[in-house]
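Below: one structure, written as structure tokens.
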Amino acid sequence: MSDTEKMSLHDYYYDLPEELIAQDPLEDRSSSRLMVLNKENGNVEHHVFKEIIDYLKEGDCLVINDTKVLPARLYGNKVGTDAKIEVLLLKRREYEGIFEEVLDQLGEMPLPPYITHKLEDKNRYQTVYAKYEGSAAAPTAGLHFTKELLEEIEAKGVKIAHVTLHVGLGTFRPVKVENILEHHMHSEFYMVDEKDAEMINSCRANGGRIISVGTTSTRTLETVTDESGVVHPGSGWTQIFIYPGYQFKAIDCLITNFHLPESTLLMLVSALAGRENVLEAYEEAVREKYRFFSFGDAMLIK
């Protein structure tokens with residue numbers, strides 16, 4: 001049966017030992033492991049993340065999501081009963097200046113439910129290039145980059161384009177329907193400006209590859225790119241759901257983390273590299289004791 005016919009949720013299941021779920025970020029962002037998966041033949045290589053530069057060529061364009069996570073989880077106590085209360089702020093309503101400062105002092109990062117350790121340094125759940133506040137979760141593929149590594153990549157002649165997609169909590173929402181085509185995809189706000197759209201289009205026109213950092217950058221690019229592969233600047237809300245059978249219009253390669261079983265993110269990477277290739281690579285990652293999910297290791301699909 002071909003990948004396009006695999007629309008059953010259980011076809012995206014794999015066994016993951018709980019101890020492989022990364023609970024803490026590494027001290028050095030770029031020292032995480034990197035699995036390189038060839039989407040044409042399923043071949044796998046093992047590297048350290050900083051060696052990603054060896055797979056990038058002059059003329060390529062790396063596309064990063066510069067959203068910033070709001071420390072929007074607040075803890076308190078109910079007056080009278082002293083019951084513990086947890087509040088998660090999801091949408092912004094006309095607050096300026098001082099409110100952000102209050103959140104910075106009191107708020108905690110809205111870490112995914114599978115991370116049980118307390119985060120000591122809030123900045124470790126932000127990319128080094130985070131700029132526009134609005135996310136309820138980090139675009140985690142970008143957590144592996146340091147400023148030094150990005151400078152080395154640019155010095156090699158690789159262009160770095162920015163897009164913005166504010167990651168919603170829906171990214172953690174499990175798929176609850178057996179037929180994945182019935183899943184209702186969450187909506188997220190994106191922005192792509194003219195300068196970055198031109199950079200990406202110019203790279204493609206000159207024969208360079210578009211390398212997306214993360215599923216969020218991918219969903220943004222695939223939303224704003226037309227059938228002929230041209231990226232159009234703009235902003236809006238996207239509910240794009242990418243699963244096997246999808247024809248990619250914008251990206252050639254993807255840098256991403258290892259995703260939850262039966263998640264829409266696992267379906268997206270399966271659409272790019274083939275479901276069987278991806279699940280075999282994940283099985284090898286389990287055997288090799290890679291670290292999984294938000295604070296885990298990375299994969300390059302080339």
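Letters A, B, ... mark the chains of the structure tokens in the order given; residue numbers begin at 1 per chain; ligand numbers begin at 1, in order shown.
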inquiry  = Set the distance at 10 Å and use only C-alpha atoms: which residues neighbour A:Ser202 once local chain neighbours fewer than 5 positions away are removed? I'd like the list as an NGL selection string.
reply    = :A and (59 or 61 or 196-197 or 207-208 or 230)
ask   = In Å, with one decimal, what is the gap from atom CA of A:Leu165 to atom CA of A:Glu58?
value = 26.3 Å
message = Taking only stretch 229-283 of chain A into account, list the residues labelled strand (DSSP E) by DSSP (computed from the backbone), as a list in words.
response =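 Matching residues, listed in order: Gly234, Ser235, Gly236, Trp237, Thr238, Cys253, Leu254, Ile255, Thr256 and Asn257 of chain A.
Closest approach to A:Leu16 among A:Lys122, A:Ala285, A:Ala130, A:Ile211: A:Ala285, based on only C-alpha atoms.
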Polymer residues at most 9 Å from A:Lys159, only C-alpha atoms, same-chain spacing of 6 or more positions, as a PyMOL selection string = chain A and resi 58-63+153+199-200+203
Find the residues near stretch 30-38 of chain A: any atom within 10 Å, counting only C-alpha atoms, skip ones fewer than 4 places away on the same chain, and give them as an mmCIF file with all heavy atoms, in the first residue's frame.
```cif
data_model
loop_
_atom_site.group_PDB
_atom_site.id
_atom_site.type_symbol
_atom_site.label_atom_id
_atom_site.label_comp_id
_atom_site.auth_asym_id
_atom_site.auth_seq_id
_atom_site.Cartn_x
_atom_site.Cartn_y
_atom_site.Cartn_z
ATOM 1 N N PRO A 25 17.101 20.893 28.533
ATOM 2 C CA PRO A 25 17.915 21.272 27.363
ATOM 3 C C PRO A 25 19.393 21.002 27.643
ATOM 4 O O PRO A 25 19.829 21.043 28.791
ATOM 5 C CB PRO A 25 17.651 22.777 27.221
ATOM 6 C CG PRO A 25 17.237 23.227 28.581
ATOM 7 C CD PRO A 25 16.573 22.065 29.258
ATOM 8 N N LEU A 26 20.157 20.733 26.592
ATOM 9 C CA LEU A 26 21.610 20.579 26.739
ATOM 10 C C LEU A 26 22.234 21.939 27.030
ATOM 11 O O LEU A 26 21.708 22.981 26.627
ATOM 12 C CB LEU A 26 22.220 20.017 25.451
ATOM 13 C CG LEU A 26 21.813 18.604 25.043
ATOM 14 C CD1 LEU A 26 22.532 18.222 23.756
ATOM 15 C CD2 LEU A 26 22.132 17.600 26.143
ATOM 16 N N GLY A 42 16.009 6.561 2.004
ATOM 17 C CA GLY A 42 15.837 6.170 3.409
ATOM 18 C C GLY A 42 17.132 5.977 4.177
ATOM 19 O O GLY A 42 17.113 5.614 5.354
ATOM 20 N N ASN A 43 18.297 6.217 3.523
ATOM 21 C CA ASN A 43 19.589 6.060 4.214
ATOM 22 C C ASN A 43 19.714 7.063 5.363
ATOM 23 O O ASN A 43 19.262 8.201 5.253
ATOM 24 C CB ASN A 43 20.763 6.262 3.243
ATOM 25 C CG ASN A 43 20.941 5.058 2.334
ATOM 26 O OD1 ASN A 43 20.301 4.025 2.520
ATOM 27 N ND2 ASN A 43 21.805 5.193 1.338
ATOM 28 N N VAL A 44 20.380 6.628 6.441
ATOM 29 C CA VAL A 44 20.509 7.441 7.643
ATOM 30 C C VAL A 44 21.985 7.594 8.010
ATOM 31 O O VAL A 44 22.756 6.648 7.897
ATOM 32 C CB VAL A 44 19.727 6.756 8.800
ATOM 33 C CG1 VAL A 44 20.224 7.200 10.155
ATOM 34 C CG2 VAL A 44 18.241 7.024 8.667
ATOM 35 N N GLU A 45 22.379 8.824 8.419
ATOM 36 C CA GLU A 45 23.732 9.073 8.940
ATOM 37 C C GLU A 45 23.603 9.748 10.300
ATOM 38 O O GLU A 45 22.612 10.438 10.553
ATOM 39 C CB GLU A 45 24.516 10.000 8.001
ATOM 40 C CG GLU A 45 24.722 9.476 6.590
ATOM 41 C CD GLU A 45 25.216 10.588 5.673
ATOM 42 O OE1 GLU A 45 26.142 11.326 6.073
ATOM 43 O OE2 GLU A 45 24.669 10.730 4.573
ATOM 44 N N HIS A 46 24.630 9.578 11.153
ATOM 45 C CA HIS A 46 24.597 10.147 12.506
ATOM 46 C C HIS A 46 25.676 11.211 12.659
ATOM 47 O O HIS A 46 26.840 10.970 12.322
ATOM 48 C CB HIS A 46 24.794 9.035 13.545
ATOM 49 C CG HIS A 46 23.785 7.934 13.416
ATOM 50 N ND1 HIS A 46 22.482 8.065 13.850
ATOM 51 C CD2 HIS A 46 23.872 6.686 12.888
ATOM 52 C CE1 HIS A 46 21.812 6.937 13.595
ATOM 53 N NE2 HIS A 46 22.639 6.091 13.003
ATOM 54 N N HIS A 47 25.285 12.370 13.166
ATOM 55 C CA HIS A 47 26.204 13.495 13.314
ATOM 56 C C HIS A 47 25.909 14.260 14.600
ATOM 57 O O HIS A 47 24.993 13.922 15.334
ATOM 58 C CB HIS A 47 26.079 14.447 12.114
ATOM 59 C CG HIS A 47 26.525 13.848 10.821
ATOM 60 N ND1 HIS A 47 27.833 13.868 10.401
ATOM 61 C CD2 HIS A 47 25.829 13.188 9.854
ATOM 62 C CE1 HIS A 47 27.938 13.241 9.241
ATOM 63 N NE2 HIS A 47 26.730 12.819 8.884
ATOM 64 N N VAL A 48 26.681 15.327 14.808
ATOM 65 C CA VAL A 48 26.410 16.301 15.869
ATOM 66 C C VAL A 48 25.799 17.519 15.177
ATOM 67 O O VAL A 48 26.155 17.833 14.036
ATOM 68 C CB VAL A 48 27.730 16.688 16.591
ATOM 69 C CG1 VAL A 48 27.478 17.766 17.640
ATOM 70 C CG2 VAL A 48 28.340 15.455 17.245
ATOM 71 N N PHE A 49 24.885 18.228 15.863
ATOM 72 C CA PHE A 49 24.109 19.254 15.172
ATOM 73 C C PHE A 49 24.976 20.323 14.498
ATOM 74 O O PHE A 49 24.662 20.766 13.393
ATOM 75 C CB PHE A 49 23.098 19.941 16.104
ATOM 76 C CG PHE A 49 22.177 20.838 15.321
ATOM 77 C CD1 PHE A 49 21.096 20.311 14.644
ATOM 78 C CD2 PHE A 49 22.426 22.207 15.201
ATOM 79 C CE1 PHE A 49 20.266 21.117 13.867
ATOM 80 C CE2 PHE A 49 21.598 23.018 14.439
ATOM 81 C CZ PHE A 49 20.519 22.462 13.770
ATOM 82 N N LYS A 50 26.074 20.730 15.150
ATOM 83 C CA LYS A 50 26.885 21.816 14.555
ATOM 84 C C LYS A 50 27.425 21.425 13.174
ATOM 85 O O LYS A 50 27.793 22.284 12.381
ATOM 86 C CB LYS A 50 27.998 22.275 15.497
ATOM 87 C CG LYS A 50 28.922 21.199 16.014
ATOM 88 C CD LYS A 50 30.037 21.803 16.851
ATOM 89 C CE LYS A 50 29.526 22.325 18.174
ATOM 90 N NZ LYS A 50 29.726 21.426 19.324
ATOM 91 N N GLU A 51 27.431 20.105 12.868
ATOM 92 C CA GLU A 51 27.895 19.643 11.551
ATOM 93 C C GLU A 51 26.843 19.844 10.456
ATOM 94 O O GLU A 51 27.094 19.528 9.291
ATOM 95 C CB GLU A 51 28.299 18.163 11.635
ATOM 96 C CG GLU A 51 29.523 17.949 12.519
ATOM 97 C CD GLU A 51 29.807 16.482 12.844
ATOM 98 O OE1 GLU A 51 28.997 15.599 12.501
ATOM 99 O OE2 GLU A 51 30.856 16.234 13.465
ATOM 100 N N ILE A 52 25.705 20.432 10.828
ATOM 101 C CA ILE A 52 24.667 20.759 9.830
ATOM 102 C C ILE A 52 25.259 21.637 8.727
ATOM 103 O O ILE A 52 24.848 21.575 7.563
ATOM 104 C CB ILE A 52 23.465 21.489 10.508
ATOM 105 C CG1 ILE A 52 22.276 21.601 9.555
ATOM 106 C CG2 ILE A 52 23.808 22.883 11.001
ATOM 107 C CD1 ILE A 52 21.379 20.430 9.523
ATOM 108 N N TYR A 55 26.177 20.267 5.375
ATOM 109 C CA TYR A 55 25.097 19.899 4.448
ATOM 110 C C TYR A 55 24.470 21.117 3.774
ATOM 111 O O TYR A 55 23.561 20.974 2.963
ATOM 112 C CB TYR A 55 24.012 19.105 5.194
ATOM 113 C CG TYR A 55 24.485 17.721 5.549
ATOM 114 C CD1 TYR A 55 25.117 17.470 6.768
ATOM 115 C CD2 TYR A 55 24.343 16.663 4.648
ATOM 116 C CE1 TYR A 55 25.578 16.201 7.087
ATOM 117 C CE2 TYR A 55 24.798 15.390 4.959
ATOM 118 C CZ TYR A 55 25.417 15.169 6.174
ATOM 119 O OH TYR A 55 25.871 13.915 6.475
ATOM 120 N N LEU A 143 15.898 25.585 18.293
ATOM 121 C CA LEU A 143 16.612 25.651 19.575
ATOM 122 C C LEU A 143 18.054 25.173 19.467
ATOM 123 O O LEU A 143 18.874 25.460 20.331
ATOM 124 C CB LEU A 143 15.879 24.811 20.641
ATOM 125 C CG LEU A 143 14.487 25.280 21.052
ATOM 126 C CD1 LEU A 143 13.883 24.317 22.079
ATOM 127 C CD2 LEU A 143 14.502 26.701 21.614
ATOM 128 N N HIS A 144 18.382 24.439 18.399
ATOM 129 C CA HIS A 144 19.741 23.872 18.248
ATOM 130 C C HIS A 144 20.762 24.886 17.729
ATOM 131 O O HIS A 144 21.960 24.623 17.771
ATOM 132 C CB HIS A 144 19.712 22.687 17.281
ATOM 133 C CG HIS A 144 18.750 21.621 17.688
ATOM 134 N ND1 HIS A 144 19.020 20.700 18.666
ATOM 135 C CD2 HIS A 144 17.496 21.334 17.252
ATOM 136 C CE1 HIS A 144 17.986 19.890 18.818
ATOM 137 N NE2 HIS A 144 17.047 20.256 17.963
ATOM 138 N N PHE A 145 20.273 26.011 17.199
ATOM 139 C CA PHE A 145 21.199 26.981 16.603
ATOM 140 C C PHE A 145 21.749 27.945 17.649
ATOM 141 O O PHE A 145 21.013 28.447 18.495
ATOM 142 C CB PHE A 145 20.493 27.797 15.514
ATOM 143 C CG PHE A 145 20.235 27.019 14.256
ATOM 144 C CD1 PHE A 145 19.016 26.385 14.048
ATOM 145 C CD2 PHE A 145 21.212 26.911 13.269
ATOM 146 C CE1 PHE A 145 18.772 25.659 12.887
ATOM 147 C CE2 PHE A 145 20.977 26.189 12.106
ATOM 148 C CZ PHE A 145 19.753 25.565 11.919
ATOM 149 N N THR A 146 23.060 28.207 17.554
ATOM 150 C CA THR A 146 23.683 29.276 18.344
ATOM 151 C C THR A 146 23.929 30.454 17.396
ATOM 152 O O THR A 146 23.921 30.286 16.171
ATOM 153 C CB THR A 146 25.042 28.818 18.914
ATOM 154 O OG1 THR A 146 25.901 28.490 17.800
ATOM 155 C CG2 THR A 146 24.887 27.599 19.816
ATOM 156 N N GLU A 148 26.735 31.869 16.954
ATOM 157 C CA GLU A 148 28.012 31.584 16.272
ATOM 158 C C GLU A 148 27.791 30.666 15.067
ATOM 159 O O GLU A 148 28.351 30.900 13.985
ATOM 160 C CB GLU A 148 28.996 30.913 17.246
ATOM 161 C CG GLU A 148 29.453 31.765 18.414
ATOM 162 C CD GLU A 148 28.407 31.931 19.515
ATOM 163 O OE1 GLU A 148 27.452 31.121 19.592
ATOM 164 O OE2 GLU A 148 28.544 32.879 20.304
ATOM 165 N N LEU A 149 26.969 29.639 15.244
ATOM 166 C CA LEU A 149 26.707 28.701 14.146
ATOM 167 C C LEU A 149 25.994 29.417 12.994
ATOM 168 O O LEU A 149 26.331 29.211 11.821
ATOM 169 C CB LEU A 149 25.871 27.515 14.647
ATOM 170 C CG LEU A 149 25.515 26.438 13.612
ATOM 171 C CD1 LEU A 149 26.760 25.869 12.926
ATOM 172 C CD2 LEU A 149 24.705 25.308 14.269
ATOM 173 N N CYS A 253 14.344 20.816 1.757
ATOM 174 C CA CYS A 253 14.884 20.063 2.898
ATOM 175 C C CYS A 253 14.255 20.603 4.182
ATOM 176 O O CYS A 253 13.757 21.726 4.211
ATOM 177 C CB CYS A 253 16.404 20.226 3.001
ATOM 178 S SG CYS A 253 17.281 19.858 1.474
ATOM 179 N N LEU A 254 14.329 19.794 5.241
ATOM 180 C CA LEU A 254 13.710 20.176 6.514
ATOM 181 C C LEU A 254 14.613 19.781 7.676
ATOM 182 O O LEU A 254 15.103 18.654 7.747
ATOM 183 C CB LEU A 254 12.350 19.475 6.644
ATOM 184 C CG LEU A 254 11.629 19.549 7.992
ATOM 185 C CD1 LEU A 254 11.257 20.987 8.336
ATOM 186 C CD2 LEU A 254 10.380 18.672 7.988
ATOM 187 N N ILE A 255 14.825 20.737 8.586
ATOM 188 C CA ILE A 255 15.492 20.457 9.858
ATOM 189 C C ILE A 255 14.390 20.414 10.908
ATOM 190 O O ILE A 255 13.599 21.359 11.021
ATOM 191 C CB ILE A 255 16.518 21.559 10.199
ATOM 192 C CG1 ILE A 255 17.632 21.610 9.137
ATOM 193 C CG2 ILE A 255 17.119 21.336 11.586
ATOM 194 C CD1 ILE A 255 18.498 22.850 9.190
ATOM 195 N N THR A 256 14.314 19.325 11.667
ATOM 196 C CA THR A 256 13.193 19.168 12.594
ATOM 197 C C THR A 256 13.610 18.298 13.765
ATOM 198 O O THR A 256 14.662 17.672 13.749
ATOM 199 C CB THR A 256 11.982 18.565 11.838
ATOM 200 O OG1 THR A 256 10.830 18.586 12.665
ATOM 201 C CG2 THR A 256 12.255 17.141 11.355
ATOM 202 N N ASN A 257 12.793 18.288 14.821
ATOM 203 C CA ASN A 257 13.044 17.410 15.965
ATOM 204 C C ASN A 257 12.330 16.074 15.756
ATOM 205 O O ASN A 257 11.699 15.852 14.724
ATOM 206 C CB ASN A 257 12.573 18.084 17.259
ATOM 207 C CG ASN A 257 13.604 19.065 17.798
ATOM 208 O OD1 ASN A 257 14.424 19.586 17.061
ATOM 209 N ND2 ASN A 257 13.564 19.327 19.089
ATOM 210 N N PHE A 258 12.403 15.203 16.752
ATOM 211 C CA PHE A 258 11.682 13.929 16.703
ATOM 212 C C PHE A 258 10.325 14.117 17.379
ATOM 213 O O PHE A 258 10.254 14.589 18.513
ATOM 214 C CB PHE A 258 12.502 12.835 17.404
ATOM 215 C CG PHE A 258 13.727 12.453 16.623
ATOM 216 C CD1 PHE A 258 14.930 13.129 16.803
ATOM 217 C CD2 PHE A 258 13.683 11.434 15.677
ATOM 218 C CE1 PHE A 258 16.066 12.786 16.076
ATOM 219 C CE2 PHE A 258 14.815 11.085 14.940
ATOM 220 C CZ PHE A 258 16.002 11.764 15.133
ATOM 221 N N ALA A 273 9.310 12.765 3.532
ATOM 222 C CA ALA A 273 10.342 11.734 3.394
ATOM 223 C C ALA A 273 9.784 10.330 3.187
ATOM 224 O O ALA A 273 10.556 9.399 2.979
ATOM 225 C CB ALA A 273 11.246 11.749 4.628
ATOM 226 N N ASN A 277 10.131 5.338 5.462
ATOM 227 C CA ASN A 277 11.485 5.876 5.718
ATOM 228 C C ASN A 277 11.559 6.528 7.097
ATOM 229 O O ASN A 277 12.520 6.342 7.845
ATOM 230 C CB ASN A 277 11.861 6.932 4.663
ATOM 231 C CG ASN A 277 12.207 6.328 3.316
ATOM 232 O OD1 ASN A 277 12.437 5.121 3.211
ATOM 233 N ND2 ASN A 277 12.242 7.150 2.282
ATOM 234 N N VAL A 278 10.530 7.336 7.409
ATOM 235 C CA VAL A 278 10.525 8.074 8.680
ATOM 236 C C VAL A 278 10.419 7.109 9.860
ATOM 237 O O VAL A 278 11.184 7.203 10.824
ATOM 238 C CB VAL A 278 9.377 9.115 8.707
ATOM 239 C CG1 VAL A 278 9.174 9.671 10.112
ATOM 240 C CG2 VAL A 278 9.671 10.254 7.722
ATOM 241 N N ALA A 281 13.609 5.300 10.400
ATOM 242 C CA ALA A 281 14.603 6.210 10.987
ATOM 243 C C ALA A 281 14.321 6.413 12.478
ATOM 244 O O ALA A 281 15.245 6.451 13.304
ATOM 245 C CB ALA A 281 14.583 7.555 10.256
ATOM 246 N N TYR A 282 13.039 6.522 12.843
ATOM 247 C CA TYR A 282 12.668 6.681 14.256
ATOM 248 C C TYR A 282 13.032 5.429 15.050
ATOM 249 O O TYR A 282 13.503 5.530 16.191
ATOM 250 C CB TYR A 282 11.171 6.977 14.375
ATOM 251 C CG TYR A 282 10.824 8.455 14.313
ATOM 252 C CD1 TYR A 282 11.297 9.263 13.287
ATOM 253 C CD2 TYR A 282 10.017 9.047 15.278
ATOM 254 C CE1 TYR A 282 10.981 10.613 13.223
ATOM 255 C CE2 TYR A 282 9.688 10.390 15.229
ATOM 256 C CZ TYR A 282 10.175 11.177 14.200
ATOM 257 O OH TYR A 282 9.869 12.508 14.141
ATOM 258 N N GLU A 284 15.485 3.466 14.424
ATOM 259 C CA GLU A 284 16.940 3.524 14.614
ATOM 260 C C GLU A 284 17.301 4.551 15.688
ATOM 261 O O GLU A 284 18.200 4.322 16.499
ATOM 262 C CB GLU A 284 17.641 3.875 13.298
ATOM 263 C CG GLU A 284 19.144 3.910 13.471
ATOM 264 C CD GLU A 284 19.929 3.620 12.195
ATOM 265 O OE1 GLU A 284 19.331 3.212 11.183
ATOM 266 O OE2 GLU A 284 21.148 3.807 12.245
ATOM 267 N N ALA A 285 16.574 5.677 15.702
ATOM 268 C CA ALA A 285 16.822 6.702 16.730
ATOM 269 C C ALA A 285 16.569 6.136 18.130
ATOM 270 O O ALA A 285 17.312 6.437 19.072
ATOM 271 C CB ALA A 285 15.934 7.919 16.472
ATOM 272 N N TYR A 290 18.614 8.265 20.853
ATOM 273 C CA TYR A 290 18.455 9.706 20.607
ATOM 274 C C TYR A 290 17.496 10.275 21.653
ATOM 275 O O TYR A 290 16.673 9.541 22.229
ATOM 276 C CB TYR A 290 17.875 9.943 19.207
ATOM 277 C CG TYR A 290 18.919 10.043 18.108
ATOM 278 C CD1 TYR A 290 19.701 8.949 17.744
ATOM 279 C CD2 TYR A 290 19.113 11.240 17.420
ATOM 280 C CE1 TYR A 290 20.644 9.034 16.745
ATOM 281 C CE2 TYR A 290 20.065 11.340 16.401
ATOM 282 C CZ TYR A 290 20.824 10.241 16.069
ATOM 283 O OH TYR A 290 21.765 10.334 15.080
ATOM 284 N N ARG A 291 17.574 11.587 21.856
ATOM 285 C CA ARG A 291 16.657 12.264 22.777
ATOM 286 C C ARG A 291 15.486 12.800 21.951
ATOM 287 O O ARG A 291 15.683 13.403 20.899
ATOM 288 C CB ARG A 291 17.390 13.392 23.506
ATOM 289 C CG ARG A 291 18.569 12.860 24.327
ATOM 290 C CD ARG A 291 19.563 13.934 24.722
ATOM 291 N NE ARG A 291 19.055 14.769 25.790
ATOM 292 C CZ ARG A 291 18.701 16.039 25.659
ATOM 293 N NH1 ARG A 291 18.786 16.646 24.485
ATOM 294 N NH2 ARG A 291 18.266 16.724 26.682
ATOM 295 N N PHE A 295 13.059 19.235 23.745
ATOM 296 C CA PHE A 295 14.455 19.464 24.143
ATOM 297 C C PHE A 295 15.376 18.368 23.608
ATOM 298 O O PHE A 295 16.510 18.216 24.053
ATOM 299 C CB PHE A 295 14.572 19.530 25.677
ATOM 300 C CG PHE A 295 14.060 20.819 26.266
ATOM 301 C CD1 PHE A 295 13.370 20.820 27.474
ATOM 302 C CD2 PHE A 295 14.264 22.030 25.625
ATOM 303 C CE1 PHE A 295 12.894 22.002 28.029
ATOM 304 C CE2 PHE A 295 13.796 23.230 26.166
ATOM 305 C CZ PHE A 295 13.104 23.214 27.368
ATOM 306 N N GLY A 296 14.878 17.603 22.645
ATOM 307 C CA GLY A 296 15.626 16.457 22.145
ATOM 308 C C GLY A 296 16.540 16.778 20.983
ATOM 309 O O GLY A 296 16.862 17.936 20.710
ATOM 310 N N ASP A 297 16.950 15.726 20.287
ATOM 311 C CA ASP A 297 17.889 15.844 19.175
ATOM 312 C C ASP A 297 17.160 16.229 17.889
ATOM 313 O O ASP A 297 15.939 16.370 17.873
ATOM 314 C CB ASP A 297 18.628 14.506 19.006
ATOM 315 C CG ASP A 297 19.525 14.207 20.202
ATOM 316 O OD1 ASP A 297 20.204 15.134 20.676
ATOM 317 O OD2 ASP A 297 19.525 13.049 20.679
ATOM 318 N N ALA A 298 17.943 16.363 16.807
ATOM 319 C CA ALA A 298 17.397 16.894 15.556
ATOM 320 C C ALA A 298 17.567 15.916 14.398
ATOM 321 O O ALA A 298 18.370 14.982 14.464
ATOM 322 C CB ALA A 298 18.091 18.217 15.208
ATOM 323 N N MET A 299 16.788 16.165 13.357
ATOM 324 C CA MET A 299 16.867 15.391 12.127
ATOM 325 C C MET A 299 16.924 16.356 10.945
ATOM 326 O O MET A 299 16.215 17.361 10.941
ATOM 327 C CB MET A 299 15.623 14.484 11.992
ATOM 328 C CG MET A 299 15.528 13.748 10.663
ATOM 329 S SD MET A 299 13.980 12.827 10.518
ATOM 330 C CE MET A 299 14.429 11.282 11.282
ATOM 331 N N LEU A 300 17.790 16.058 10.000
ATOM 332 C CA LEU A 300 17.788 16.779 8.709
ATOM 333 C C LEU A 300 17.249 15.830 7.665
ATOM 334 O O LEU A 300 17.791 14.737 7.471
ATOM 335 C CB LEU A 300 19.201 17.221 8.324
ATOM 336 C CG LEU A 300 19.385 17.694 6.867
ATOM 337 C CD1 LEU A 300 18.575 18.935 6.573
ATOM 338 C CD2 LEU A 300 20.851 17.915 6.530
ATOM 339 N N ILE A 301 16.160 16.236 7.003
ATOM 340 C CA ILE A 301 15.637 15.452 5.879
ATOM 341 C C ILE A 301 16.120 16.142 4.617
ATOM 342 O O ILE A 301 15.800 17.293 4.357
ATOM 343 C CB ILE A 301 14.092 15.399 5.922
ATOM 344 C CG1 ILE A 301 13.636 14.706 7.212
ATOM 345 C CG2 ILE A 301 13.547 14.674 4.692
ATOM 346 C CD1 ILE A 301 12.138 14.733 7.439
ATOM 347 N N LYS A 302 16.958 15.412 3.840
ATOM 348 C CA LYS A 302 17.554 16.045 2.647
ATOM 349 C C LYS A 302 17.197 15.266 1.370
ATOM 350 O O LYS A 302 16.791 14.127 1.428
ATOM 351 C CB LYS A 302 19.061 16.155 2.794
ATOM 352 C CG LYS A 302 19.815 14.822 2.723
ATOM 353 C CD LYS A 302 21.299 15.052 2.828
ATOM 354 C CE LYS A 302 22.099 13.768 2.738
ATOM 355 N NZ LYS A 302 22.184 13.178 1.398
#
```
query = Could you state the separation of atom CA of A:Ser228 and atom CA of A:Pro244 in Å, given to one decimal place?
reply =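 Computing the Euclidean distance for atom CA of A:Ser228 and atom CA of A:Pro244 yields 20.2 Å.
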message = From a backbone DSSP assignment, name each residue in stretch 196-298 of chain A labelled helix (DSSP H, G or I), as a ChimeraX atom specification.
response = /A:196-205,214-224,264-273,275-287
key: Residues within 9 Å of A:His232, only C-alpha atoms, excluding chain neighbours under 3 positions, as an NGL selection string   = :A and (192-194 or 197-198 or 224-226)
Could you please take those selected residues and save all heavy atoms as a compact mmCIF listing (two decimals), in the first residue's frame?
```txt
# COMPACT_ATOMS: atom_id res chain seq x y z
N VAL A 192 4.88 37.04 6.69
CA VAL A 192 6.07 36.94 5.82
C VAL A 192 6.22 38.30 5.15
O VAL A 192 5.30 38.76 4.47
CB VAL A 192 5.89 35.84 4.73
CG1 VAL A 192 7.13 35.78 3.85
CG2 VAL A 192 5.62 34.48 5.38
N ASP A 193 7.37 38.96 5.35
CA ASP A 193 7.50 40.29 4.75
C ASP A 193 8.12 40.20 3.35
O ASP A 193 8.62 39.14 2.93
CB ASP A 193 8.25 41.27 5.67
CG ASP A 193 9.73 40.99 5.80
OD1 ASP A 193 10.29 40.33 4.90
OD2 ASP A 193 10.33 41.43 6.79
N GLU A 194 8.08 41.32 2.66
CA GLU A 194 8.49 41.36 1.25
C GLU A 194 9.96 41.03 1.06
O GLU A 194 10.33 40.27 0.15
CB GLU A 194 8.20 42.76 0.68
CG GLU A 194 8.07 42.76 -0.81
CD GLU A 194 7.43 44.06 -1.33
OE1 GLU A 194 6.47 44.55 -0.73
OE2 GLU A 194 7.95 44.55 -2.34
N ALA A 197 10.48 37.26 1.46
CA ALA A 197 9.87 36.56 0.32
C ALA A 197 10.78 36.69 -0.91
O ALA A 197 11.04 35.70 -1.62
CB ALA A 197 8.48 37.12 0.02
N GLU A 198 11.31 37.88 -1.13
CA GLU A 198 12.22 38.12 -2.27
C GLU A 198 13.50 37.30 -2.14
O GLU A 198 14.00 36.74 -3.12
CB GLU A 198 12.58 39.62 -2.36
CG GLU A 198 11.52 40.44 -3.08
CD GLU A 198 11.86 41.94 -3.06
OE1 GLU A 198 13.01 42.29 -2.76
OE2 GLU A 198 10.94 42.73 -3.34
N VAL A 224 2.06 30.27 1.95
CA VAL A 224 2.22 31.51 1.17
C VAL A 224 2.85 31.30 -0.21
O VAL A 224 3.11 32.25 -0.93
CB VAL A 224 3.05 32.56 1.96
CG1 VAL A 224 2.37 32.94 3.25
CG2 VAL A 224 4.48 32.07 2.21
N THR A 225 3.10 30.04 -0.57
CA THR A 225 3.73 29.75 -1.86
C THR A 225 2.69 29.26 -2.86
O THR A 225 1.85 28.42 -2.52
CB THR A 225 4.83 28.67 -1.68
OG1 THR A 225 5.78 29.15 -0.72
CG2 THR A 225 5.54 28.36 -2.98
N ASP A 226 2.74 29.80 -4.09
CA ASP A 226 1.75 29.39 -5.08
C ASP A 226 2.21 28.13 -5.82
O ASP A 226 3.30 27.59 -5.57
CB ASP A 226 1.42 30.55 -6.06
CG ASP A 226 2.62 30.96 -6.93
OD1 ASP A 226 3.52 30.12 -7.16
OD2 ASP A 226 2.64 32.12 -7.40
```
key: Long-range neighbours of A:Leu221 as a PyMOL selection string, 8 Å cut-off, only C-alpha atoms, 3 positions minimum in chain   = chain A and resi 217-218+224-225+231+250-251
ask   = Distance atom CA of A:Pro233-atom CA of A:Arg219, one decimal place?
value =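 These atoms are spaced 14.2 Å apart.
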request  = Excluding A:Ala138 and residues on its chain fewer than 5 positions from it, collect all residues at most 8 Å away from it, counting only C-alpha atoms, and give them as a PyMOL selection string.
outcome  = chain A and resi 67-69+125-127+167
Those same residues, written as a compact mmCIF listing (two decimals), in the first residue's frame with C-alpha atoms?
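Result file is out28.txt:
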```txt
# COMPACT_ATOMS: atom_id res chain seq x y z
CA THR A 67 8.42 33.94 16.88
CA LYS A 68 8.98 34.45 20.62
CA VAL A 69 7.32 32.40 23.36
CA TYR A 125 12.88 27.59 25.56
CA GLN A 126 13.53 30.44 23.09
CA THR A 127 15.55 30.40 19.90
CA VAL A 167 2.74 28.50 17.60
```
